[in-house]
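Here's the structure, in structure tokens; my notes come after.
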Amino acid sequence: MASNLADVPLMSRERENSSELIDSDELAARWRVPASWVRNRTRARTPKEERIPCIRLGRYVRFEWGSHRLSEWLAKKRHE
């Protein structure tokens with residue numbers, strides 16, 4: 001019995017303005033920086049105020065593209 005996963009919503013679509021979850025490679029491509037630079041700024045050894053806001057899903061790190069937290073972090077870095 002095979003199930004069709006295309007019929008199963010991966011996330012609730014209640015909010016039209018919901019953020020898109022992307023990985024470090026995608027964030028790096030959008031910001032035009034090396035992926036290693038992004039990954040280094042999510043690690044515990046990076047000072048908390050320097051860390052890029054992210055979501056940890058086990059060993060996976062994802063970023064909320066379009067989120068207020070990520071936009072605010074980037075704006076703060078632009079003004080340093």
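The way I read the labels, and the way they are meant: chains A, B, ... in the order of the structure tokens, residue 1 as the first residue of every chain, and ligand 1 as the first ligand shown, with later ones counted on from there.
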Quiz item: Leaving out stretch 51-54 of chain A and any residue of its chain fewer than 4 positions from it, which residues lie within 6 Å of it when counting only C-alpha atoms, given as a PyMOL selection string?
Solution: chain A and resi 41-42+62-63+70
Write the residues of the selection above to a file with all heavy atoms, as an mmCIF file, in the first residue's frame.
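Wrote part_39.cif, looks like this:
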```cif
data_model
loop_
_atom_site.group_PDB
_atom_site.id
_atom_site.type_symbol
_atom_site.label_atom_id
_atom_site.label_comp_id
_atom_site.auth_asym_id
_atom_site.auth_seq_id
_atom_site.Cartn_x
_atom_site.Cartn_y
_atom_site.Cartn_z
ATOM 1 N N ARG A 41 28.508 30.841 11.970
ATOM 2 C CA ARG A 41 27.745 31.786 12.782
ATOM 3 C C ARG A 41 26.480 31.189 13.387
ATOM 4 O O ARG A 41 25.643 31.906 13.917
ATOM 5 C CB ARG A 41 27.429 33.024 11.961
ATOM 6 C CG ARG A 41 28.620 33.953 11.978
ATOM 7 C CD ARG A 41 28.762 34.784 10.748
ATOM 8 N NE ARG A 41 30.022 35.536 10.777
ATOM 9 C CZ ARG A 41 31.198 35.034 10.422
ATOM 10 N NH1 ARG A 41 31.290 33.787 10.027
ATOM 11 N NH2 ARG A 41 32.299 35.770 10.463
ATOM 12 N N THR A 42 26.380 29.857 13.362
ATOM 13 C CA THR A 42 25.283 29.180 14.059
ATOM 14 C C THR A 42 25.803 28.290 15.181
ATOM 15 O O THR A 42 25.013 27.742 15.942
ATOM 16 C CB THR A 42 24.466 28.299 13.091
ATOM 17 O OG1 THR A 42 25.294 27.277 12.565
ATOM 18 C CG2 THR A 42 23.872 29.129 11.968
ATOM 19 N N ARG A 62 18.083 25.200 10.176
ATOM 20 C CA ARG A 62 17.284 25.877 9.159
ATOM 21 C C ARG A 62 17.089 27.334 9.562
ATOM 22 O O ARG A 62 17.170 27.694 10.736
ATOM 23 C CB ARG A 62 15.921 25.206 8.982
ATOM 24 C CG ARG A 62 16.006 23.776 8.484
ATOM 25 C CD ARG A 62 16.554 23.723 7.064
ATOM 26 N NE ARG A 62 16.619 22.371 6.549
ATOM 27 C CZ ARG A 62 17.729 21.634 6.494
ATOM 28 N NH1 ARG A 62 18.853 22.117 6.966
ATOM 29 N NH2 ARG A 62 17.708 20.423 5.987
ATOM 30 N N PHE A 63 16.822 28.156 8.568
ATOM 31 C CA PHE A 63 16.638 29.586 8.767
ATOM 32 C C PHE A 63 15.260 29.974 8.244
ATOM 33 O O PHE A 63 14.818 29.460 7.226
ATOM 34 C CB PHE A 63 17.729 30.368 8.028
ATOM 35 C CG PHE A 63 19.107 29.948 8.425
ATOM 36 C CD1 PHE A 63 19.752 28.918 7.746
ATOM 37 C CD2 PHE A 63 19.753 30.529 9.492
ATOM 38 C CE1 PHE A 63 21.022 28.497 8.122
ATOM 39 C CE2 PHE A 63 21.016 30.118 9.882
ATOM 40 C CZ PHE A 63 21.647 29.097 9.192
ATOM 41 N N LEU A 70 15.433 37.235 11.521
ATOM 42 C CA LEU A 70 16.525 37.177 10.557
ATOM 43 C C LEU A 70 16.748 38.540 9.910
ATOM 44 O O LEU A 70 17.890 38.988 9.764
ATOM 45 C CB LEU A 70 16.239 36.114 9.499
ATOM 46 C CG LEU A 70 17.393 35.739 8.573
ATOM 47 C CD1 LEU A 70 18.586 35.207 9.364
ATOM 48 C CD2 LEU A 70 16.942 34.702 7.554
#
```
Quiz item: So which one's closest to A:Tyr60, A:Pro34, A:Lys77, A:Arg43, A:Glu20? Using only C-alpha atoms, please.
Solution: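 The shortest atom-to-atom distance to A:Tyr60 comes from A:Arg43.
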Self-check item: Best match for closeness to A:Lys48 among A:Val61, A:Ile22, A:Trp73, A:Ala35, counting only C-alpha atoms
Solution: A:Trp73
